[in-house]
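Novice: I am sharing model.cif, which consists of mmCIF, N, CA and C atoms and all ligand atoms:
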data_data
loop_
_atom_site.label_atom_id
_atom_site.label_comp_id
_atom_site.auth_asym_id
_atom_site.auth_seq_id
_atom_site.Cartn_x
_atom_site.Cartn_y
_atom_site.Cartn_z
N MET A 1 26.92 -36.32 -56.92
CA MET A 1 25.97 -35.41 -56.26
C MET A 1 26.73 -34.25 -55.61
N LYS A 2 26.33 -33.04 -55.94
CA LYS A 2 26.97 -31.86 -55.35
C LYS A 2 26.61 -31.79 -53.86
N LYS A 3 27.62 -31.44 -53.06
CA LYS A 3 27.36 -31.33 -51.62
C LYS A 3 26.48 -30.13 -51.33
N LYS A 4 25.44 -30.35 -50.56
CA LYS A 4 24.50 -29.27 -50.25
C LYS A 4 24.97 -28.48 -49.04
N LYS A 5 24.67 -27.18 -49.09
CA LYS A 5 24.91 -26.34 -47.91
C LYS A 5 23.56 -26.05 -47.26
N ILE A 6 23.46 -26.29 -45.97
CA ILE A 6 22.19 -26.15 -45.25
C ILE A 6 22.39 -25.24 -44.05
N VAL A 7 21.45 -24.33 -43.84
CA VAL A 7 21.44 -23.54 -42.60
C VAL A 7 20.17 -23.88 -41.83
N VAL A 8 20.33 -24.24 -40.55
CA VAL A 8 19.21 -24.55 -39.66
C VAL A 8 19.07 -23.40 -38.67
N VAL A 9 17.85 -22.83 -38.58
CA VAL A 9 17.62 -21.68 -37.71
C VAL A 9 16.50 -22.02 -36.73
N ASP A 10 16.84 -22.10 -35.44
CA ASP A 10 15.82 -22.37 -34.41
C ASP A 10 16.39 -21.92 -33.07
N ASP A 11 15.54 -21.31 -32.24
CA ASP A 11 16.04 -20.84 -30.94
C ASP A 11 16.05 -21.96 -29.90
N ASP A 12 15.57 -23.14 -30.27
CA ASP A 12 15.57 -24.28 -29.35
C ASP A 12 16.72 -25.21 -29.71
N ARG A 13 17.69 -25.34 -28.79
CA ARG A 13 18.90 -26.11 -29.08
C ARG A 13 18.59 -27.56 -29.45
N GLU A 14 17.64 -28.16 -28.75
CA GLU A 14 17.32 -29.57 -29.03
C GLU A 14 16.78 -29.74 -30.45
N ILE A 15 15.98 -28.78 -30.89
CA ILE A 15 15.43 -28.87 -32.25
C ILE A 15 16.53 -28.65 -33.29
N ARG A 16 17.44 -27.71 -33.02
CA ARG A 16 18.58 -27.52 -33.94
C ARG A 16 19.37 -28.80 -34.08
N GLU A 17 19.61 -29.46 -32.94
CA GLU A 17 20.41 -30.68 -32.98
C GLU A 17 19.67 -31.83 -33.66
N LEU A 18 18.37 -31.89 -33.45
CA LEU A 18 17.56 -32.92 -34.12
C LEU A 18 17.61 -32.70 -35.64
N ALA A 19 17.39 -31.46 -36.06
CA ALA A 19 17.41 -31.14 -37.49
C ALA A 19 18.79 -31.45 -38.08
N ASN A 20 19.84 -31.08 -37.35
CA ASN A 20 21.21 -31.34 -37.78
C ASN A 20 21.42 -32.83 -38.02
N TYR A 21 20.95 -33.64 -37.08
CA TYR A 21 21.09 -35.10 -37.17
C TYR A 21 20.34 -35.63 -38.39
N ILE A 22 19.12 -35.18 -38.60
CA ILE A 22 18.31 -35.68 -39.71
C ILE A 22 18.93 -35.27 -41.05
N VAL A 23 19.44 -34.03 -41.12
CA VAL A 23 20.06 -33.57 -42.38
C VAL A 23 21.31 -34.39 -42.67
N GLU A 24 22.16 -34.59 -41.66
CA GLU A 24 23.41 -35.37 -41.84
C GLU A 24 23.09 -36.75 -42.39
N ASP A 25 22.02 -37.34 -41.86
CA ASP A 25 21.64 -38.68 -42.22
C ASP A 25 20.97 -38.75 -43.60
N SER A 26 20.25 -37.69 -43.96
CA SER A 26 19.47 -37.70 -45.21
C SER A 26 20.28 -37.22 -46.40
N LEU A 27 21.21 -36.30 -46.16
CA LEU A 27 22.02 -35.72 -47.23
C LEU A 27 23.49 -35.90 -46.86
N PRO A 28 24.03 -37.10 -47.05
CA PRO A 28 25.40 -37.37 -46.62
C PRO A 28 26.38 -36.35 -47.20
N GLY A 29 27.27 -35.85 -46.36
CA GLY A 29 28.28 -34.89 -46.79
C GLY A 29 27.81 -33.46 -46.80
N ALA A 30 26.55 -33.23 -46.45
CA ALA A 30 26.03 -31.86 -46.43
C ALA A 30 26.82 -31.01 -45.44
N VAL A 31 27.01 -29.74 -45.80
CA VAL A 31 27.67 -28.80 -44.90
C VAL A 31 26.57 -28.06 -44.14
N ILE A 32 26.52 -28.25 -42.84
CA ILE A 32 25.39 -27.74 -42.05
C ILE A 32 25.88 -26.69 -41.06
N ARG A 33 25.17 -25.56 -41.01
CA ARG A 33 25.46 -24.56 -39.97
C ARG A 33 24.18 -24.26 -39.21
N LEU A 34 24.33 -23.97 -37.92
CA LEU A 34 23.18 -23.78 -37.05
C LEU A 34 23.14 -22.34 -36.55
N ALA A 35 21.96 -21.73 -36.55
CA ALA A 35 21.79 -20.37 -36.03
C ALA A 35 20.70 -20.36 -34.97
N GLU A 36 20.88 -19.49 -33.95
CA GLU A 36 19.99 -19.48 -32.79
C GLU A 36 18.82 -18.53 -32.90
N ASN A 37 18.84 -17.67 -33.91
CA ASN A 37 17.71 -16.75 -34.09
C ASN A 37 17.71 -16.29 -35.54
N GLY A 38 16.63 -15.59 -35.91
CA GLY A 38 16.45 -15.22 -37.31
C GLY A 38 17.54 -14.29 -37.83
N LEU A 39 18.00 -13.38 -36.97
CA LEU A 39 19.02 -12.42 -37.42
C LEU A 39 20.35 -13.13 -37.69
N GLU A 40 20.72 -14.00 -36.75
CA GLU A 40 21.96 -14.76 -36.94
C GLU A 40 21.83 -15.63 -38.21
N GLY A 41 20.64 -16.22 -38.38
CA GLY A 41 20.38 -17.04 -39.56
C GLY A 41 20.53 -16.24 -40.84
N TRP A 42 19.96 -15.06 -40.85
CA TRP A 42 20.01 -14.19 -42.04
C TRP A 42 21.45 -13.83 -42.39
N GLN A 43 22.25 -13.50 -41.36
CA GLN A 43 23.66 -13.16 -41.59
C GLN A 43 24.41 -14.36 -42.17
N MET A 44 24.11 -15.55 -41.63
CA MET A 44 24.74 -16.78 -42.13
C MET A 44 24.35 -17.04 -43.59
N ILE A 45 23.08 -16.82 -43.89
CA ILE A 45 22.57 -17.08 -45.24
C ILE A 45 23.22 -16.13 -46.24
N MET A 46 23.36 -14.85 -45.86
CA MET A 46 23.99 -13.89 -46.77
C MET A 46 25.44 -14.24 -47.03
N SER A 47 26.16 -14.75 -46.02
CA SER A 47 27.58 -15.05 -46.26
C SER A 47 27.77 -16.43 -46.89
N ASP A 48 26.94 -17.41 -46.55
CA ASP A 48 27.15 -18.79 -47.02
C ASP A 48 26.41 -19.12 -48.31
N LYS A 49 25.36 -18.38 -48.61
CA LYS A 49 24.49 -18.70 -49.75
C LYS A 49 24.17 -20.21 -49.82
N PRO A 50 23.43 -20.71 -48.83
CA PRO A 50 23.13 -22.16 -48.79
C PRO A 50 22.13 -22.56 -49.86
N ASP A 51 21.96 -23.89 -50.02
CA ASP A 51 20.96 -24.43 -50.95
C ASP A 51 19.60 -24.57 -50.27
N ILE A 52 19.64 -24.87 -48.97
CA ILE A 52 18.41 -25.13 -48.23
C ILE A 52 18.50 -24.45 -46.85
N VAL A 53 17.38 -23.86 -46.44
CA VAL A 53 17.27 -23.31 -45.08
C VAL A 53 16.11 -24.03 -44.39
N ILE A 54 16.35 -24.44 -43.16
CA ILE A 54 15.26 -25.00 -42.34
C ILE A 54 15.08 -24.02 -41.19
N THR A 55 13.90 -23.41 -41.09
CA THR A 55 13.73 -22.40 -40.06
C THR A 55 12.47 -22.59 -39.21
N ASP A 56 12.60 -22.20 -37.96
CA ASP A 56 11.51 -22.06 -37.00
C ASP A 56 10.78 -20.74 -37.34
N VAL A 57 9.62 -20.53 -36.73
CA VAL A 57 8.93 -19.23 -36.91
C VAL A 57 9.10 -18.35 -35.67
N ASN A 58 8.76 -18.87 -34.50
CA ASN A 58 8.85 -18.05 -33.28
C ASN A 58 10.26 -18.02 -32.74
N MET A 59 10.94 -16.88 -32.98
CA MET A 59 12.33 -16.74 -32.54
C MET A 59 12.60 -15.28 -32.23
N PRO A 60 13.57 -15.01 -31.36
CA PRO A 60 13.92 -13.61 -31.08
C PRO A 60 14.64 -12.94 -32.26
N LEU A 61 14.65 -11.63 -32.23
CA LEU A 61 15.37 -10.73 -33.16
C LEU A 61 14.79 -10.68 -34.57
N MET A 62 14.55 -11.82 -35.17
CA MET A 62 13.87 -11.83 -36.47
C MET A 62 13.09 -13.15 -36.53
N ASN A 63 11.77 -13.07 -36.76
CA ASN A 63 11.03 -14.34 -36.78
C ASN A 63 11.15 -15.02 -38.15
N GLY A 64 10.63 -16.23 -38.22
CA GLY A 64 10.80 -17.03 -39.42
C GLY A 64 10.08 -16.48 -40.64
N ILE A 65 8.98 -15.76 -40.42
CA ILE A 65 8.24 -15.17 -41.55
C ILE A 65 9.07 -14.02 -42.15
N GLU A 66 9.61 -13.18 -41.28
CA GLU A 66 10.47 -12.08 -41.76
C GLU A 66 11.70 -12.65 -42.46
N LEU A 67 12.25 -13.70 -41.88
CA LEU A 67 13.43 -14.33 -42.48
C LEU A 67 13.08 -14.87 -43.88
N LEU A 68 11.94 -15.54 -43.98
CA LEU A 68 11.49 -16.08 -45.26
C LEU A 68 11.33 -14.96 -46.29
N LYS A 69 10.72 -13.84 -45.88
CA LYS A 69 10.54 -12.70 -46.79
C LYS A 69 11.90 -12.17 -47.27
N ASN A 70 12.83 -12.00 -46.34
CA ASN A 70 14.17 -11.51 -46.71
C ASN A 70 14.87 -12.45 -47.68
N ILE A 71 14.77 -13.74 -47.39
CA ILE A 71 15.43 -14.73 -48.25
C ILE A 71 14.86 -14.66 -49.66
N LYS A 72 13.52 -14.68 -49.76
CA LYS A 72 12.89 -14.76 -51.09
C LYS A 72 13.13 -13.49 -51.91
N LYS A 73 13.29 -12.35 -51.23
CA LYS A 73 13.60 -11.10 -51.92
C LYS A 73 15.00 -11.14 -52.52
N THR A 74 15.94 -11.74 -51.79
CA THR A 74 17.35 -11.70 -52.18
C THR A 74 17.79 -12.95 -52.94
N PHE A 75 17.30 -14.10 -52.50
CA PHE A 75 17.67 -15.39 -53.12
C PHE A 75 16.39 -16.15 -53.45
N PRO A 76 15.70 -15.77 -54.54
CA PRO A 76 14.38 -16.36 -54.81
C PRO A 76 14.39 -17.87 -54.99
N ASP A 77 15.53 -18.44 -55.40
CA ASP A 77 15.56 -19.89 -55.65
C ASP A 77 15.95 -20.72 -54.44
N LEU A 78 16.34 -20.06 -53.37
CA LEU A 78 16.74 -20.80 -52.17
C LEU A 78 15.52 -21.52 -51.60
N LYS A 79 15.68 -22.83 -51.29
CA LYS A 79 14.59 -23.61 -50.72
C LYS A 79 14.49 -23.33 -49.22
N VAL A 80 13.32 -22.96 -48.79
CA VAL A 80 13.14 -22.64 -47.36
C VAL A 80 12.06 -23.55 -46.77
N ILE A 81 12.47 -24.38 -45.83
CA ILE A 81 11.54 -25.26 -45.11
C ILE A 81 11.19 -24.56 -43.80
N VAL A 82 9.90 -24.31 -43.60
CA VAL A 82 9.47 -23.57 -42.41
C VAL A 82 8.75 -24.53 -41.47
N ALA A 83 9.35 -24.77 -40.31
CA ALA A 83 8.76 -25.68 -39.33
C ALA A 83 7.89 -24.87 -38.39
N THR A 84 6.62 -25.20 -38.33
CA THR A 84 5.74 -24.43 -37.46
C THR A 84 4.53 -25.22 -37.00
N ALA A 85 4.04 -24.85 -35.82
CA ALA A 85 2.79 -25.41 -35.30
C ALA A 85 1.72 -24.33 -35.35
N LEU A 86 1.96 -23.26 -36.11
CA LEU A 86 1.01 -22.14 -36.17
C LEU A 86 -0.27 -22.55 -36.90
N PRO A 87 -1.37 -21.83 -36.63
CA PRO A 87 -2.63 -22.14 -37.30
C PRO A 87 -2.60 -21.92 -38.81
N GLU A 88 -3.64 -22.42 -39.47
CA GLU A 88 -3.70 -22.47 -40.92
C GLU A 88 -3.45 -21.14 -41.62
N ILE A 89 -3.97 -20.05 -41.04
CA ILE A 89 -3.82 -18.74 -41.69
C ILE A 89 -2.35 -18.39 -41.91
N TYR A 90 -1.51 -18.73 -40.92
CA TYR A 90 -0.08 -18.45 -41.05
C TYR A 90 0.55 -19.43 -42.02
N GLN A 91 0.04 -20.66 -42.02
CA GLN A 91 0.58 -21.66 -42.94
C GLN A 91 0.35 -21.22 -44.38
N LYS A 92 -0.82 -20.64 -44.63
CA LYS A 92 -1.13 -20.15 -45.99
C LYS A 92 -0.16 -19.03 -46.37
N GLU A 93 0.14 -18.15 -45.40
CA GLU A 93 1.06 -17.05 -45.69
C GLU A 93 2.44 -17.61 -46.04
N ILE A 94 2.87 -18.61 -45.30
CA ILE A 94 4.18 -19.22 -45.55
C ILE A 94 4.25 -19.78 -46.97
N ILE A 95 3.19 -20.47 -47.37
CA ILE A 95 3.16 -21.05 -48.72
C ILE A 95 3.11 -19.93 -49.77
N HIS A 96 2.30 -18.92 -49.50
CA HIS A 96 2.20 -17.77 -50.41
C HIS A 96 3.56 -17.10 -50.61
N LEU A 97 4.35 -17.05 -49.55
CA LEU A 97 5.67 -16.42 -49.62
C LEU A 97 6.72 -17.34 -50.25
N GLY A 98 6.34 -18.56 -50.57
CA GLY A 98 7.27 -19.46 -51.24
C GLY A 98 7.97 -20.45 -50.33
N GLY A 99 7.52 -20.54 -49.08
CA GLY A 99 8.13 -21.49 -48.15
C GLY A 99 7.50 -22.87 -48.27
N MET A 100 8.24 -23.87 -47.79
CA MET A 100 7.70 -25.24 -47.74
C MET A 100 7.36 -25.53 -46.28
N LEU A 101 6.16 -26.04 -46.05
CA LEU A 101 5.71 -26.24 -44.68
C LEU A 101 6.19 -27.58 -44.10
N LEU A 102 6.61 -27.51 -42.86
CA LEU A 102 6.94 -28.73 -42.11
C LEU A 102 6.23 -28.62 -40.77
N PRO A 103 5.15 -29.38 -40.58
CA PRO A 103 4.42 -29.28 -39.32
C PRO A 103 5.31 -29.63 -38.13
N LYS A 104 5.18 -28.85 -37.08
CA LYS A 104 6.00 -29.01 -35.89
C LYS A 104 5.14 -29.55 -34.76
N PRO A 105 5.58 -30.43 -33.88
CA PRO A 105 6.91 -31.02 -33.85
C PRO A 105 7.10 -31.98 -35.02
N PHE A 106 8.29 -31.86 -35.67
CA PHE A 106 8.51 -32.71 -36.84
C PHE A 106 9.21 -34.00 -36.44
N SER A 107 9.00 -35.02 -37.25
CA SER A 107 9.62 -36.32 -36.99
C SER A 107 10.80 -36.50 -37.94
N TYR A 108 11.60 -37.49 -37.64
CA TYR A 108 12.71 -37.88 -38.51
C TYR A 108 12.19 -38.09 -39.92
N LYS A 109 11.08 -38.87 -39.99
CA LYS A 109 10.50 -39.24 -41.28
C LYS A 109 10.02 -38.03 -42.08
N SER A 110 9.32 -37.10 -41.43
CA SER A 110 8.72 -35.98 -42.17
C SER A 110 9.78 -35.03 -42.72
N LEU A 111 10.83 -34.75 -41.94
CA LEU A 111 11.89 -33.86 -42.45
C LEU A 111 12.69 -34.58 -43.53
N ARG A 112 12.99 -35.84 -43.30
CA ARG A 112 13.76 -36.61 -44.28
C ARG A 112 13.04 -36.66 -45.63
N LYS A 113 11.73 -36.81 -45.58
CA LYS A 113 10.93 -36.89 -46.80
C LYS A 113 11.07 -35.59 -47.63
N ILE A 114 10.98 -34.44 -46.97
CA ILE A 114 11.13 -33.16 -47.67
C ILE A 114 12.56 -33.02 -48.22
N LEU A 115 13.55 -33.37 -47.41
CA LEU A 115 14.95 -33.22 -47.82
C LEU A 115 15.26 -34.09 -49.04
N ARG A 116 14.71 -35.27 -49.07
CA ARG A 116 14.97 -36.18 -50.19
C ARG A 116 14.38 -35.64 -51.48
N ARG A 117 13.27 -34.91 -51.36
CA ARG A 117 12.68 -34.30 -52.55
C ARG A 117 13.59 -33.20 -53.10
N LEU A 118 14.42 -32.62 -52.25
CA LEU A 118 15.26 -31.48 -52.64
C LEU A 118 16.66 -31.89 -53.09
N ARG A 119 16.95 -33.16 -53.07
CA ARG A 119 18.29 -33.61 -53.43
C ARG A 119 18.67 -33.28 -54.86
MG MG B 1 11.06 -21.05 -31.46
#
Starting from the file, give its structure as structure tokens.
Ligand SMILES: [Mg+2]

Specialist:
Amino acid sequence: MKKKKIVVVDDDREIRELANYIVEDSLPGAVIRLAENGLEGWQMIMSDKPDIVITDVNMPLMNGIELLKNIKKTFPDLKVIVATALPEIYQKEIIHLGGMLLPKPFSYKSLRKILRRLR
């Protein structure tokens, strides 16, 4: 199994650490980097070219929807998991833009289930 590169983008440190823990456990050997906002995440994605991005929506500097749009324009095959508690209209936009929805707050089980599908 090829080692996956993952970028986690969330302005909440506890959520970044939770996602980091779940990814480490679900995809052994994965190379994980954490970003605190959408802009930092975007810069990381451009330099690292990861296989999977897990992103929040509400963040400073660049939100998760803008980040998703940028990613899909530049790296159409990159898998983007968007964690959000936003209402349905935004969820539809995320799916329309090619993102995978992860309802927030997410559990160990729900994130692990999506990650296992992407192995
Ligand atoms: Mg946030």

Novice: Give the alpha helix (DSSP H) residues of chain A, as assigned by DSSP on the backbone, as a PyMOL selection string.

Specialist: chain A and resi 13-26+38-48+64-74+88-96+108-117

Novice: List all protein, DNA and RNA residues that have an atom no more than 5 Å from any atom of ligand MG 1 (chain B), counting all atoms listed in the file, and report them as a PyMOL selection string.

Specialist: chain A and resi 11+58-59

Novice: Would you return as a list in words the members of chain A that DSSP assigns to strand (DSSP E) on this structure's backbone?

Specialist: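 After running DSSP on the backbone, chain A has strand (DSSP E) at Lys5, Ile6, Val7, Val8, Val9, Val31, Ile32, Arg33, Leu34, Ala35, Ile52, Val53, Ile54, Thr55, Lys79, Val80, Ile81, Val82, Ala83, Thr84, Met100, Leu101, Leu102 and Pro103 of chain A.
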
Novice: Residues within 8 Å of region 100-116 of chain A, please, as a list in words. Count all atoms listed in the file; anything in the same chain fewer than 4 positions from it doesn't count.

Specialist: Leu18, Ala19, Tyr21, Ile22, Val23, Asp25, Ser26, Leu27, Lys79, Val80, Ile81, Val82, Ala83, Thr84, Ala85, Leu86, Gln91, Ile94, Ile95 and His96 of chain A

Novice: Find the distance between CA of Leu67 (chain A) and CA of Trp42 (chain A) and write it in Å to one decimal.

Specialist: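 Computing it gives 6.6 Å between the two atoms.
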
Novice: Between A:Lys49, A:Arg13, A:Arg117, A:Lys3, which has the minimum distance to Ala30 (chain A) (counting only C-alpha atoms)?

Specialist: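 Residue with the minimum atom-to-atom distance to Ala30 (chain A): A:Lys3.
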
Novice: Between CA of Asn20 (chain A) and CA of Lys5 (chain A), what is the distance in Å, rounded to a tenth?

Specialist: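 Value for the CA of Asn20 (chain A)-CA of Lys5 (chain A) distance: 11.9 Å.
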
Novice: Just the number, please: distance in Å from CA of Phe75 (chain A) to atom C of Leu61 (chain A), one decimal.

Specialist: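 The value is 19.4 Å.
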
Novice: Smallest atom-to-atom distance to Asp10 (chain A): which of A:Val57, A:Pro50, A:Leu97, A:Lys73, using all atoms listed in the file?

Specialist: A:Val57

Novice: From the options A:Met46, A:Ile54, A:Ile89, A:Val7, which residue's atoms come nearest to Val31 (chain A), counting all atoms listed in the file?

Specialist: A:Val7
